[in-house]
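The structure file final-v5.cif is reproduced below (mmCIF, C-alpha atoms).
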```cif
data_work
loop_
_atom_site.label_atom_id
_atom_site.label_comp_id
_atom_site.auth_asym_id
_atom_site.auth_seq_id
_atom_site.Cartn_x
_atom_site.Cartn_y
_atom_site.Cartn_z
CA SER A 19 10.08 -33.42 41.63
CA PRO A 20 12.22 -32.98 38.49
CA PRO A 21 10.50 -35.71 36.40
CA GLN A 22 7.08 -34.13 36.97
CA GLY A 23 8.05 -30.46 36.93
CA PRO A 24 6.77 -27.77 39.30
CA SER A 25 3.38 -28.44 40.82
CA THR A 26 2.13 -24.83 40.72
CA LEU A 27 2.95 -21.49 39.18
CA ASN A 28 2.17 -18.10 40.65
CA SER A 29 -0.92 -16.51 39.09
CA THR A 30 -3.11 -13.48 39.52
CA GLU A 31 -6.87 -13.42 40.01
CA LYS A 32 -8.44 -16.69 38.89
CA GLY A 33 -10.14 -16.60 35.50
CA LYS A 34 -8.34 -13.48 34.31
CA ALA A 35 -4.79 -14.76 34.03
CA GLY A 36 -3.18 -16.73 31.23
CA LYS A 37 -1.78 -20.21 31.67
CA ILE A 38 1.63 -21.78 31.11
CA HIS A 39 2.21 -25.51 30.72
CA LEU A 40 5.78 -26.80 30.78
CA PRO A 41 6.33 -30.34 29.50
CA ARG A 42 8.08 -32.98 31.62
CA GLU A 43 10.74 -33.30 28.93
CA ILE A 44 12.33 -30.08 30.18
CA PHE A 45 13.02 -31.58 33.63
CA TRP A 46 14.18 -35.06 32.66
CA SER A 47 17.79 -33.95 32.18
CA LEU A 48 17.93 -32.06 35.47
CA SER A 49 18.25 -35.21 37.60
CA SER A 50 17.67 -34.24 41.24
CA ARG A 51 18.97 -30.68 40.95
CA ILE A 52 16.89 -27.77 42.18
CA VAL A 53 16.29 -25.11 39.51
CA HIS A 54 14.40 -21.85 39.41
CA VAL A 55 11.50 -21.58 36.99
CA VAL A 56 11.14 -17.88 36.25
CA VAL A 57 8.19 -16.35 34.42
CA THR A 58 8.74 -12.69 33.55
CA VAL A 59 5.82 -10.49 32.46
CA LEU A 60 6.88 -7.22 30.83
CA ASN A 61 4.83 -4.18 29.87
CA LEU A 62 6.15 -2.72 26.62
CA GLN A 63 4.74 0.73 27.37
CA GLN A 64 7.18 1.03 30.25
CA LEU A 65 10.18 -0.37 28.37
CA GLY A 66 12.14 0.54 25.28
CA MET A 67 12.61 -3.10 24.34
CA PHE A 68 11.02 -5.49 21.85
CA LYS A 69 10.33 -2.86 19.22
CA GLU A 70 10.43 -4.20 15.69
CA ILE A 71 11.00 -1.92 12.72
CA ASN A 72 7.86 -1.64 10.54
CA GLN A 73 5.82 -3.92 12.79
CA ALA A 74 2.40 -4.54 11.23
CA GLY A 75 0.58 -6.21 14.14
CA GLN A 76 -0.15 -4.98 17.66
CA VAL A 77 1.10 -6.75 20.79
CA LEU A 78 -1.81 -8.01 22.92
CA ASP A 79 -2.13 -5.73 25.97
CA ASN A 80 1.48 -4.59 25.28
CA THR A 81 2.57 -7.68 27.24
CA VAL A 82 5.55 -9.98 26.68
CA VAL A 83 6.02 -13.21 28.67
CA GLY A 84 9.49 -14.64 29.21
CA ILE A 85 10.12 -18.19 30.51
CA THR A 86 13.45 -19.58 31.79
CA VAL A 87 14.28 -22.85 33.54
CA GLY A 88 17.61 -22.59 35.32
CA ASN A 89 20.43 -21.23 33.21
CA ALA A 90 20.00 -23.65 30.31
CA SER A 91 18.99 -22.72 26.76
CA ILE A 92 16.08 -25.01 25.91
CA SER A 93 14.97 -25.62 22.31
CA GLY A 94 13.85 -28.43 20.01
CA LEU A 95 11.21 -29.80 22.38
CA ARG A 96 9.13 -32.69 21.09
CA ASP A 97 6.36 -31.90 23.57
CA PRO A 98 5.86 -28.15 23.18
CA VAL A 99 5.49 -25.45 25.80
CA GLN A 100 1.92 -24.15 25.88
CA LEU A 101 1.01 -20.56 26.70
CA THR A 102 -2.63 -19.54 26.92
CA PHE A 103 -3.29 -15.85 26.32
CA THR A 104 -6.71 -14.68 27.51
CA HIS A 105 -8.41 -11.76 25.78
CA ARG A 106 -11.76 -10.36 24.81
CA GLN A 107 -13.39 -11.56 21.63
CA LEU A 108 -11.23 -10.24 18.82
CA PRO A 109 -12.87 -7.96 16.23
CA ARG A 110 -13.34 -9.03 12.66
CA GLY A 111 -10.37 -8.32 10.45
CA VAL A 112 -7.82 -9.24 13.15
CA THR A 113 -5.98 -12.55 13.40
CA PRO A 114 -3.78 -13.61 16.36
CA GLN A 115 -0.28 -14.96 15.79
CA CYS A 116 2.03 -16.55 18.37
CA VAL A 117 5.53 -15.12 18.08
CA PHE A 118 8.78 -14.94 20.00
CA TRP A 119 11.55 -12.36 20.03
CA ASP A 120 14.44 -13.22 17.72
CA PRO A 121 17.46 -10.96 18.38
CA SER A 122 19.11 -12.09 15.12
CA LYS A 123 16.25 -10.90 12.91
CA GLY A 124 17.13 -7.75 10.99
CA ALA A 125 19.37 -5.09 12.43
CA ALA A 126 17.70 -4.71 15.84
CA GLY A 127 15.77 -7.96 16.23
CA GLY A 128 12.15 -8.76 15.52
CA TRP A 129 9.20 -11.07 16.09
CA CYS A 130 9.36 -14.56 14.59
CA SER A 131 6.82 -17.41 14.50
CA SER A 132 9.15 -20.28 13.59
CA GLY A 133 8.57 -23.28 15.86
CA CYS A 134 5.31 -21.87 17.26
CA ALA A 135 1.77 -22.99 16.42
CA THR A 136 -1.30 -20.82 16.98
CA GLN A 137 -4.66 -22.20 18.13
CA PRO A 138 -7.10 -19.25 18.19
CA GLY A 139 -10.28 -19.31 20.25
CA ASP A 140 -13.12 -16.94 21.10
CA LYS A 141 -11.60 -15.52 24.28
CA GLU A 142 -8.22 -17.21 24.46
CA THR A 143 -5.41 -18.22 22.14
CA VAL A 144 -3.07 -21.15 22.83
CA CYS A 145 0.54 -20.89 21.67
CA SER A 146 2.53 -24.14 21.37
CA CYS A 147 6.28 -23.56 20.96
CA ASP A 148 9.27 -25.90 20.90
CA HIS A 149 11.61 -23.66 22.93
CA LEU A 150 11.77 -21.20 25.82
CA THR A 151 12.27 -17.47 25.31
CA PHE A 152 10.15 -14.27 25.33
CA PHE A 153 6.70 -14.77 23.81
CA THR A 154 3.73 -12.61 22.93
CA LEU A 155 0.59 -12.62 20.84
CA LEU A 156 0.51 -10.35 17.79
CA LEU A 157 -2.84 -9.10 16.53
CA ASN A 158 -2.43 -8.81 12.75
CA PRO A 159 -4.95 -7.20 10.41
CA ALA A 160 -6.32 -9.80 8.02
CA LEU A 161 -9.33 -10.68 5.91
CA ASP A 162 -12.03 -13.08 7.00
CA SER A 163 -13.01 -16.04 4.83
CA SER A 164 -16.22 -14.39 3.55
CA THR A 165 -14.73 -10.99 2.71
CA ALA A 166 -11.57 -12.22 1.02
CA PRO A 167 -13.13 -14.04 -2.00
CA ALA A 168 -15.56 -11.19 -2.61
CA LEU A 169 -12.75 -8.67 -2.48
CA MET A 170 -10.66 -10.71 -4.91
CA ALA A 171 -13.62 -10.91 -7.29
CA VAL A 172 -14.16 -7.13 -7.10
CA ALA A 173 -10.44 -6.53 -7.69
CA THR A 174 -10.37 -8.84 -10.71
CA ALA A 175 -13.48 -7.30 -12.26
CA GLY A 176 -12.19 -3.83 -11.48
CA CYS A 177 -8.93 -4.53 -13.27
CA GLY A 178 -10.85 -5.58 -16.37
CA VAL A 179 -12.96 -2.40 -16.32
CA ALA A 180 -9.89 -0.23 -15.72
CA MET A 181 -8.02 -1.84 -18.62
CA ALA A 182 -10.96 -1.30 -20.98
CA PHE A 183 -11.26 2.41 -20.15
CA SER A 184 -7.50 2.80 -20.30
CA ILE A 185 -7.63 1.66 -23.92
CA PHE A 186 -10.52 4.07 -24.60
CA THR A 187 -8.59 6.93 -22.99
CA ILE A 188 -5.38 6.27 -24.93
CA ALA A 189 -7.33 6.04 -28.21
CA PHE A 190 -9.20 9.28 -27.41
CA CYS A 191 -6.00 11.16 -26.55
CA ILE A 192 -4.31 10.02 -29.76
CA PHE A 193 -7.39 10.98 -31.79
CA ILE A 194 -7.84 14.41 -30.20
CA ARG A 195 -4.13 15.19 -30.40
CA TYR A 196 -3.98 14.72 -34.16
CA ARG A 197 -7.54 15.81 -34.98
CA TYR A 198 -7.29 19.30 -33.48
CA ARG A 199 -4.41 21.73 -33.66
CA PHE A 200 -3.73 22.41 -30.01
CA GLU A 201 -0.96 24.61 -28.76
CA GLU A 202 2.26 22.88 -27.69
CA THR A 203 1.40 22.98 -23.97
CA LEU A 204 -1.83 21.05 -24.45
CA ARG A 205 -0.12 18.57 -26.78
CA ILE A 206 2.42 17.88 -24.02
CA ASN A 207 -0.42 17.49 -21.51
CA LEU A 208 -2.09 14.90 -23.73
CA GLY A 209 1.21 13.05 -24.06
CA LEU A 210 1.54 12.97 -20.27
CA HIS A 211 -2.00 11.65 -19.89
CA VAL A 212 -1.34 8.87 -22.42
CA ASN A 213 1.74 7.72 -20.51
CA LEU A 214 -0.04 7.82 -17.14
CA VAL A 215 -3.01 5.85 -18.43
CA GLY A 216 -0.62 3.47 -20.17
CA SER A 217 1.12 2.77 -16.86
CA LEU A 218 -2.28 2.12 -15.24
CA PHE A 219 -3.11 -0.34 -18.03
CA LEU A 220 0.18 -2.20 -17.54
CA LEU A 221 -0.32 -2.28 -13.76
CA ASN A 222 -3.78 -3.83 -14.05
CA LEU A 223 -2.51 -6.30 -16.63
CA ALA A 224 0.41 -7.27 -14.37
CA PHE A 225 -1.99 -7.82 -11.45
CA LEU A 226 -4.24 -10.09 -13.52
CA LEU A 227 -1.25 -12.09 -14.73
CA ASN A 228 0.10 -12.22 -11.20
CA SER A 229 -3.09 -13.47 -9.56
CA GLY A 230 -3.71 -15.93 -12.38
CA LEU A 231 -0.23 -17.43 -12.79
CA SER A 232 1.36 -17.18 -9.33
CA GLY A 233 1.30 -20.36 -7.29
CA ARG A 234 1.73 -22.41 -10.46
CA THR A 235 5.01 -20.95 -11.68
CA GLN A 236 8.64 -21.78 -11.12
CA PRO A 237 10.53 -19.68 -8.53
CA GLY A 238 12.49 -17.91 -11.27
CA THR A 239 9.34 -17.01 -13.18
CA CYS A 240 7.69 -15.80 -9.98
CA LYS A 241 10.62 -13.48 -9.30
CA VAL A 242 10.32 -12.00 -12.79
CA LEU A 243 6.56 -11.58 -12.38
CA GLY A 244 7.02 -9.95 -8.99
CA GLY A 245 9.59 -7.56 -10.40
CA LEU A 246 7.31 -6.72 -13.33
CA THR A 247 4.40 -5.91 -11.00
CA HIS A 248 6.64 -3.75 -8.83
CA TYR A 249 7.97 -1.96 -11.92
CA CYS A 250 4.45 -1.17 -13.21
CA LEU A 251 3.42 0.18 -9.80
CA LEU A 252 6.48 2.44 -9.60
CA CYS A 253 5.85 3.65 -13.17
CA CYS A 254 2.30 4.58 -12.19
CA PHE A 255 3.54 6.53 -9.16
CA THR A 256 6.27 8.24 -11.19
CA TRP A 257 3.91 9.39 -13.94
CA THR A 258 1.55 10.68 -11.25
CA ALA A 259 4.45 12.75 -9.92
CA LEU A 260 5.24 14.02 -13.41
CA GLU A 261 1.61 15.10 -13.84
CA GLY A 262 2.03 17.13 -10.67
CA CYS A 263 5.28 18.64 -11.92
CA GLN A 264 3.56 19.66 -15.14
CA LEU A 265 0.82 21.37 -13.15
CA TYR A 266 3.51 23.19 -11.19
CA LEU A 267 5.04 24.53 -14.41
CA LEU A 268 1.61 25.57 -15.71
CA PHE A 269 0.22 27.25 -12.60
CA ILE A 270 3.15 28.26 -10.38
CA LYS A 271 5.73 29.18 -13.04
CA VAL A 272 3.07 30.98 -15.03
CA LEU A 273 5.06 32.05 -18.09
CA GLY A 274 6.41 28.54 -18.62
CA VAL A 275 9.86 27.34 -19.49
CA TYR A 276 10.78 25.88 -22.86
CA ILE A 277 12.65 22.57 -22.60
CA HIS A 278 14.00 20.93 -25.73
CA HIS A 279 12.44 17.47 -26.30
CA TYR A 280 10.52 17.90 -23.06
CA LEU A 281 8.14 14.95 -23.47
CA VAL A 282 10.95 12.61 -24.53
CA LYS A 283 12.90 13.47 -21.39
CA LEU A 284 9.81 12.89 -19.27
CA CYS A 285 9.40 9.45 -20.85
CA LEU A 286 13.00 8.56 -20.05
CA LEU A 287 12.40 9.56 -16.44
CA GLY A 288 8.93 8.03 -16.08
CA TRP A 289 9.83 4.64 -17.56
CA GLY A 290 13.56 4.59 -16.74
CA LEU A 291 13.74 5.47 -13.05
CA PRO A 292 11.65 2.44 -11.93
CA ILE A 293 13.99 0.15 -13.89
CA LEU A 294 16.89 1.20 -11.66
CA VAL A 295 14.90 0.53 -8.46
CA VAL A 296 13.59 -2.85 -9.62
CA GLY A 297 17.05 -3.81 -10.90
CA VAL A 298 18.65 -3.19 -7.50
CA ALA A 299 15.80 -5.01 -5.73
CA GLY A 300 16.20 -7.97 -8.08
CA VAL A 301 19.93 -8.19 -7.45
CA ILE A 302 19.40 -8.54 -3.68
CA GLY A 303 16.71 -11.19 -4.26
CA SER A 304 13.68 -9.26 -3.02
CA TYR A 305 11.03 -10.91 -5.20
CA GLY A 306 9.28 -14.22 -4.71
CA GLU A 307 6.02 -15.77 -3.57
CA TYR A 308 3.85 -13.80 -1.15
CA SER A 309 0.74 -15.36 0.44
CA ILE A 310 -2.44 -13.54 1.46
CA GLN A 311 -4.21 -15.29 4.34
CA THR A 312 -7.59 -15.00 6.02
CA THR A 313 -8.18 -14.77 9.76
CA ASP A 314 -8.51 -18.56 9.97
CA HIS A 315 -5.10 -18.94 8.25
CA GLN A 316 -6.52 -20.04 4.89
CA VAL A 317 -4.43 -18.90 1.94
CA ILE A 318 -6.70 -17.11 -0.52
CA ALA A 319 -4.07 -15.96 -3.00
CA HIS A 320 -0.46 -16.49 -3.94
CA LEU A 321 1.13 -13.40 -5.44
CA CYS A 322 4.56 -12.87 -6.90
CA TRP A 323 5.68 -9.80 -5.03
CA ILE A 324 8.25 -8.53 -2.53
CA THR A 325 8.85 -11.33 -0.03
CA SER A 326 8.19 -10.97 3.71
CA LYS A 327 11.93 -10.88 4.41
CA HIS A 328 12.29 -7.66 2.41
CA LEU A 329 9.23 -5.72 3.58
CA LEU A 330 11.49 -2.76 4.37
CA LEU A 331 12.02 -2.39 0.62
CA HIS A 332 8.25 -2.23 0.16
CA TYR A 333 7.89 0.49 2.79
CA ILE A 334 10.69 2.57 1.25
CA THR A 335 10.07 2.20 -2.50
CA ASN A 336 6.27 2.07 -2.39
CA CYS A 337 4.89 3.64 0.79
CA GLY A 338 7.64 6.22 1.27
CA TYR A 339 7.91 7.12 -2.41
CA PHE A 340 4.18 7.54 -2.81
CA SER A 341 3.89 9.55 0.42
CA LEU A 342 6.23 12.22 -0.95
CA ILE A 343 4.38 12.29 -4.27
CA PHE A 344 1.00 12.47 -2.55
CA LEU A 345 1.96 15.39 -0.32
CA PHE A 346 3.40 17.32 -3.27
CA ASN A 347 0.42 16.65 -5.55
CA MET A 348 -2.19 17.47 -2.89
CA ALA A 349 -0.47 20.80 -2.25
CA LEU A 350 -0.64 21.51 -5.99
CA PHE A 351 -4.28 20.42 -6.08
CA GLY A 352 -5.05 22.98 -3.38
CA VAL A 353 -3.27 25.73 -5.31
CA VAL A 354 -5.04 24.87 -8.58
CA THR A 355 -8.44 24.66 -6.89
CA GLN A 356 -7.94 27.98 -5.12
CA LYS A 357 -6.82 29.69 -8.33
CA SER A 358 -9.74 28.28 -10.30
CA CYS A 359 -12.27 29.39 -7.66
CA SER A 360 -10.75 32.88 -7.50
CA LEU A 361 -11.08 33.27 -11.27
CA GLN A 362 -14.67 32.05 -11.15
CA GLY A 363 -15.45 34.40 -8.25
CA THR A 364 -14.00 37.52 -9.91
CA GLY A 365 -15.87 36.86 -13.16
CA ALA A 366 -12.67 36.48 -15.12
CA VAL A 367 -14.04 33.39 -16.80
CA GLN A 368 -16.72 34.54 -19.19
CA GLY A 369 -19.54 32.30 -20.21
CA GLY A 370 -19.24 30.58 -16.80
CA SER A 371 -18.74 26.90 -16.52
CA LYS A 372 -21.61 24.88 -15.18
CA PRO A 373 -21.16 23.80 -11.53
CA TRP A 374 -21.32 20.10 -12.38
CA LYS A 375 -18.59 20.55 -14.99
CA VAL A 376 -16.34 22.37 -12.54
CA ALA A 377 -16.90 19.62 -9.97
CA LEU A 378 -16.18 16.93 -12.55
CA VAL A 379 -12.95 18.64 -13.59
CA ALA A 380 -11.91 18.77 -9.93
CA VAL A 381 -12.68 15.06 -9.41
CA GLY A 382 -10.76 14.12 -12.55
CA LEU A 383 -7.78 16.20 -11.48
CA PHE A 384 -7.99 14.61 -8.02
CA CYS A 385 -7.75 11.13 -9.58
CA LEU A 386 -5.07 12.23 -12.02
CA LEU A 387 -2.84 13.19 -9.10
CA GLY A 388 -3.23 9.76 -7.48
CA ALA A 389 -5.40 10.65 -4.48
CA THR A 390 -7.29 7.35 -4.61
CA TRP A 391 -4.04 5.49 -3.88
CA ALA A 392 -3.84 7.23 -0.50
CA LEU A 393 -6.61 4.94 0.80
CA ALA A 394 -4.00 2.18 0.95
CA PHE A 395 -2.66 3.82 4.14
CA LEU A 396 -6.04 3.23 5.83
CA THR A 397 -6.23 -0.50 5.08
CA HIS A 398 -4.69 -1.55 8.41
CA GLY A 399 -6.67 -2.28 11.53
CA ILE A 400 -10.11 -3.49 12.51
CA SER A 401 -11.95 -1.35 9.94
CA SER A 402 -9.80 -2.33 7.00
CA ALA A 403 -12.40 -4.39 5.09
CA PRO A 404 -14.71 -1.45 4.15
CA VAL A 405 -11.69 0.67 3.25
CA LEU A 406 -10.31 -2.17 1.10
CA TYR A 407 -13.59 -2.30 -0.81
CA LEU A 408 -13.52 1.48 -1.25
CA PHE A 409 -9.87 1.41 -2.31
CA THR A 410 -10.50 -1.33 -4.88
CA ILE A 411 -13.63 0.25 -6.35
CA LEU A 412 -12.26 3.79 -6.57
CA ASN A 413 -9.02 2.67 -8.20
CA SER A 414 -11.05 0.62 -10.66
CA LEU A 415 -13.07 3.73 -11.48
CA GLN A 416 -9.94 5.85 -11.79
CA GLY A 417 -9.68 5.06 -15.50
CA ILE A 418 -13.35 6.02 -15.99
CA PHE A 419 -12.90 9.32 -14.15
CA ILE A 420 -9.85 10.22 -16.20
CA PHE A 421 -11.62 9.29 -19.46
CA ILE A 422 -14.68 11.44 -18.70
CA TRP A 423 -12.43 14.24 -17.44
CA LEU A 424 -10.46 14.32 -20.68
CA VAL A 425 -13.61 14.28 -22.81
CA ILE A 426 -15.10 17.21 -20.87
CA LEU A 427 -11.82 19.11 -20.82
CA TYR A 428 -10.57 18.73 -24.37
CA TYR A 429 -13.53 17.89 -26.63
CA PRO A 430 -15.22 19.66 -28.27
CA LYS A 431 -13.42 23.01 -28.40
CA THR A 432 -16.43 25.33 -28.05
CA LYS A 433 -17.31 28.41 -26.05
CA GLU A 434 -18.59 26.21 -23.22
CA THR A 435 -15.08 24.99 -22.53
CA THR A 436 -13.71 28.46 -21.80
CA GLY A 437 -13.87 27.65 -18.10
CA SER A 438 -11.72 24.55 -18.53
CA LEU A 439 -8.26 23.98 -17.19
CA SER A 440 -6.62 25.04 -20.45
CA TYR A 441 -8.41 28.40 -20.43
CA ILE A 442 -7.47 29.06 -16.81
CA ILE A 443 -3.84 28.50 -17.70
CA ARG A 444 -3.96 30.87 -20.67
CA HIS A 445 -5.96 33.49 -18.78
CA ASP A 446 -3.55 33.41 -15.86
CA LYS A 447 -0.60 33.87 -18.22
CA ASN A 448 -2.26 36.81 -19.96
CA THR A 449 -3.14 38.42 -16.64
CA THR A 450 0.42 38.14 -15.41
CA VAL A 451 1.83 39.64 -18.61
CA SER A 452 -0.57 42.58 -18.48
CA GLN A 453 0.32 43.28 -14.86
CA GLU A 454 4.00 43.35 -15.70
#
```
Serialized structure, structure tokens:
Amino acid sequence: SPPQGPSTLNSTEKGKAGKIHLPREIFWSLSSRIVHVVVTVLNLQQLGMFKEINQAGQVLDNTVVGITVGNASISGLRDPVQLTFTHRQLPRGVTPQCVFWDPSKGAAGGWCSSGCATQPGDKETVCSCDHLTFFTLLLNPALDSSTAPALMAVATAGCGVAMAFSIFTIAFCIFIRYRYRFEETLRINLGLHVNLVGSLFLLNLAFLLNSGLSGRTQPGTCKVLGGLTHYCLLCCFTWTALEGCQLYLLFIKVLGVYIHHYLVKLCLLGWGLPILVVGVAGVIGSYGEYSIQTTDHQVIAHLCWITSKHLLLHYITNCGYFSLIFLFNMALFGVVTQKSCSLQGTGAVQGGSKPWKVALVAVGLFCLLGATWALAFLTHGISSAPVLYLFTILNSLQGIFIFIWLVILYYPKTKETTGSLSYIIRHDKNTTVSQE
């Protein structure tokens, strides 16, 4: 009868199907009319529907459940609709989230959790929602309550170590640049290294300020802090790209090209281009408070960053921008490594560099070109926790690698350094000139 609702719902094999509970409130307004209660189960692999742009989580079993009662649009229920999704025990690093399809979200629609509560269990998750529409269970990568604090502690300590070695590196580059009379090419290289390490220092400082002040700041201050952090990250990526461009000029365009005020122009590009991006993002209101949650929905950190509503900006300006830089720099790294090995193999480098020194130069160059940042693309999914640790530790050690690399490469200027990067550049130039 209408006051009690339907007595049964069709189901598949007992114990393997989910459950749906419709409250009596839905049927009170129907009087004695007969209505159809329709439950639609859709498989997303067979449809081109319900595809959100830049979706982070995975849909459980690629299944969406739609519920309709008659032709009425039902929302604002005091007694919620309950859907029970059955599943195997979820792996660590994955948290379920009850969502529904919102056609008004973004340009093509998207998943939304407003009005839905999630009650996770070992082998089932209960979704309580105050309306009827198409529902599903998203499996989002997240941190568990034991991993998250440890990871935050490692990140904080790593930032401190990275800042300390950034200061050492900048001081060393300034000292070596004015202590020894290098040729102009090496002086420009040192200037590039100083700017890159300076951007790393500012990025680590911005992160420490962000994690320490966010959650206790005014919305306006949080927007400024989020923009500052984004700016420092883009500066770091841009200077990594400029390091790759410099390698291109040194190794690919062997004879070099003289550019008036070259380093000054690089500084304008390296520090100026991110200002334009952050300025546009700030105008459209992209910055604000961003929460990091564990699998049991505990907030472990409040960061001032790009808000969830503007994640597309994050994917374009951070992920997309870095992807192009990474591909370009790794191609250059392969060219430089191949050229260095060919010179070592032909005996062109006299006095031979020690194997450990060659390996150390390669590791330093690898870090200089931003390869450790690429681990960020592997921090999604059930195995994200170990990769997050690796990502945090390696990026903390990036400053140490660059510092040791510069010491080995530039100081002291003795016969043992004839196998260094600077000698390879000069030797390759001389070889090309003699061939011509």
Legend entry - the PyMOL selection byres ((chain A and resi 182) around 12) applied to the shown file, residues as a PyMOL selection string: chain A and resi 175-181+183-189+215-216+218-220+222-223+414-418+421
Legend entry - Contacts of Leu157 in chain A within 9 Å, all atoms listed in the file, excl. fewer than 2 positions in-chain, as a VMD selection string: chain A and resid 74 to 78 108 112 to 115 155 159
Need the shell around Lys37 in chain A: protein/DNA/RNA residues with any atom at most 8 Å away, counting only C-alpha atoms. Skip same-chain ones fewer than 6 positions apart. Format as a PDB file with C-alpha atoms, in the coordinates of the input?
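Wrote result03.pdb, looks like this:
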```pdb
ATOM      1  CA  GLN A 100       1.920 -24.150  25.880  1.00  0.00           C
ATOM      2  CA  LEU A 101       1.010 -20.560  26.700  1.00  0.00           C
ATOM      3  CA  THR A 102      -2.630 -19.540  26.920  1.00  0.00           C
ATOM      4  CA  PHE A 103      -3.290 -15.850  26.320  1.00  0.00           C
TER       5      PHE A 103
END
```
Legend entry - Atom pair CA of Val117 in chain A / CA of Asn61 in chain A: separation (Å): 16.1 Å
List every residue of range 224-290 of chain A that has an atom at most 12 Å from any atom of range 330-338 of chain A, and for each one report the closest atom pair and its distance in Å to one decimal, counting only C-alpha atoms, with rows sorted by chain and then by increasing residue number, as JSON lines.
```
{"residue": "A:Gly245", "atom": "CA", "partner": "A:His332", "partner_atom": "CA", "distance": 11.9}
{"residue": "A:Thr247", "atom": "CA", "partner": "A:Asn336", "partner_atom": "CA", "distance": 11.9}
{"residue": "A:His248", "atom": "CA", "partner": "A:Asn336", "partner_atom": "CA", "distance": 8.7}
{"residue": "A:Tyr249", "atom": "CA", "partner": "A:Asn336", "partner_atom": "CA", "distance": 10.5}
{"residue": "A:Cys250", "atom": "CA", "partner": "A:Asn336", "partner_atom": "CA", "distance": 11.4}
{"residue": "A:Leu251", "atom": "CA", "partner": "A:Asn336", "partner_atom": "CA", "distance": 8.2}
{"residue": "A:Leu252", "atom": "CA", "partner": "A:Asn336", "partner_atom": "CA", "distance": 7.2}
{"residue": "A:Cys253", "atom": "CA", "partner": "A:Asn336", "partner_atom": "CA", "distance": 10.9}
{"residue": "A:Cys254", "atom": "CA", "partner": "A:Asn336", "partner_atom": "CA", "distance": 10.9}
{"residue": "A:Phe255", "atom": "CA", "partner": "A:Asn336", "partner_atom": "CA", "distance": 8.6}
{"residue": "A:Thr256", "atom": "CA", "partner": "A:Asn336", "partner_atom": "CA", "distance": 10.7}
```
Hey, can you spit out that residue selection with C-alpha atoms as an mmCIF file, in the frame of the given file?
```cif
data_model
loop_
_atom_site.group_PDB
_atom_site.id
_atom_site.type_symbol
_atom_site.label_atom_id
_atom_site.label_comp_id
_atom_site.auth_asym_id
_atom_site.auth_seq_id
_atom_site.Cartn_x
_atom_site.Cartn_y
_atom_site.Cartn_z
ATOM 1 C CA GLY A 245 9.590 -7.560 -10.400
ATOM 2 C CA THR A 247 4.400 -5.910 -11.000
ATOM 3 C CA HIS A 248 6.640 -3.750 -8.830
ATOM 4 C CA TYR A 249 7.970 -1.960 -11.920
ATOM 5 C CA CYS A 250 4.450 -1.170 -13.210
ATOM 6 C CA LEU A 251 3.420 0.180 -9.800
ATOM 7 C CA LEU A 252 6.480 2.440 -9.600
ATOM 8 C CA CYS A 253 5.850 3.650 -13.170
ATOM 9 C CA CYS A 254 2.300 4.580 -12.190
ATOM 10 C CA PHE A 255 3.540 6.530 -9.160
ATOM 11 C CA THR A 256 6.270 8.240 -11.190
#
```
Inset, instruction - Kindly extract all protein, DNA and RNA residues lying within 12 Å of the coordinates (0.4, 11.2, -18.2) given in the file, considering all atoms listed in the file, and supply them as number ranges by chain. - result: A: 184, 187-188, 191, 204-218, 253-265, 281, 284-285, 288-289, 383, 385-388, 420, 424
Just-selected residues, C-alpha atoms written as a compact mmCIF listing (two decimals), in the frame of the given file:
```txt
# COMPACT_ATOMS: atom_id res chain seq x y z
CA SER A 184 -7.50 2.80 -20.30
CA THR A 187 -8.59 6.93 -22.99
CA ILE A 188 -5.38 6.27 -24.93
CA CYS A 191 -6.00 11.16 -26.55
CA LEU A 204 -1.83 21.05 -24.45
CA ARG A 205 -0.12 18.57 -26.78
CA ILE A 206 2.42 17.88 -24.02
CA ASN A 207 -0.42 17.49 -21.51
CA LEU A 208 -2.09 14.90 -23.73
CA GLY A 209 1.21 13.05 -24.06
CA LEU A 210 1.54 12.97 -20.27
CA HIS A 211 -2.00 11.65 -19.89
CA VAL A 212 -1.34 8.87 -22.42
CA ASN A 213 1.74 7.72 -20.51
CA LEU A 214 -0.04 7.82 -17.14
CA VAL A 215 -3.01 5.85 -18.43
CA GLY A 216 -0.62 3.47 -20.17
CA SER A 217 1.12 2.77 -16.86
CA LEU A 218 -2.28 2.12 -15.24
CA CYS A 253 5.85 3.65 -13.17
CA CYS A 254 2.30 4.58 -12.19
CA PHE A 255 3.54 6.53 -9.16
CA THR A 256 6.27 8.24 -11.19
CA TRP A 257 3.91 9.39 -13.94
CA THR A 258 1.55 10.68 -11.25
CA ALA A 259 4.45 12.75 -9.92
CA LEU A 260 5.24 14.02 -13.41
CA GLU A 261 1.61 15.10 -13.84
CA GLY A 262 2.03 17.13 -10.67
CA CYS A 263 5.28 18.64 -11.92
CA GLN A 264 3.56 19.66 -15.14
CA LEU A 265 0.82 21.37 -13.15
CA LEU A 281 8.14 14.95 -23.47
CA LEU A 284 9.81 12.89 -19.27
CA CYS A 285 9.40 9.45 -20.85
CA GLY A 288 8.93 8.03 -16.08
CA TRP A 289 9.83 4.64 -17.56
CA LEU A 383 -7.78 16.20 -11.48
CA CYS A 385 -7.75 11.13 -9.58
CA LEU A 386 -5.07 12.23 -12.02
CA LEU A 387 -2.84 13.19 -9.10
CA GLY A 388 -3.23 9.76 -7.48
CA ILE A 420 -9.85 10.22 -16.20
CA LEU A 424 -10.46 14.32 -20.68
```
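Using all atoms listed in the file, the protein and nucleic acid residues lying no more than 8 Å from range 85-93 of chain A, apart from those fewer than 2 places from it along its own chain, are A:Ile44, A:Val53, A:His54, A:Val55, A:Val56, A:Val57, A:Thr58, A:Val83, A:Leu95, A:Asp148, A:His149, A:Leu150, A:Thr151, A:Phe152.
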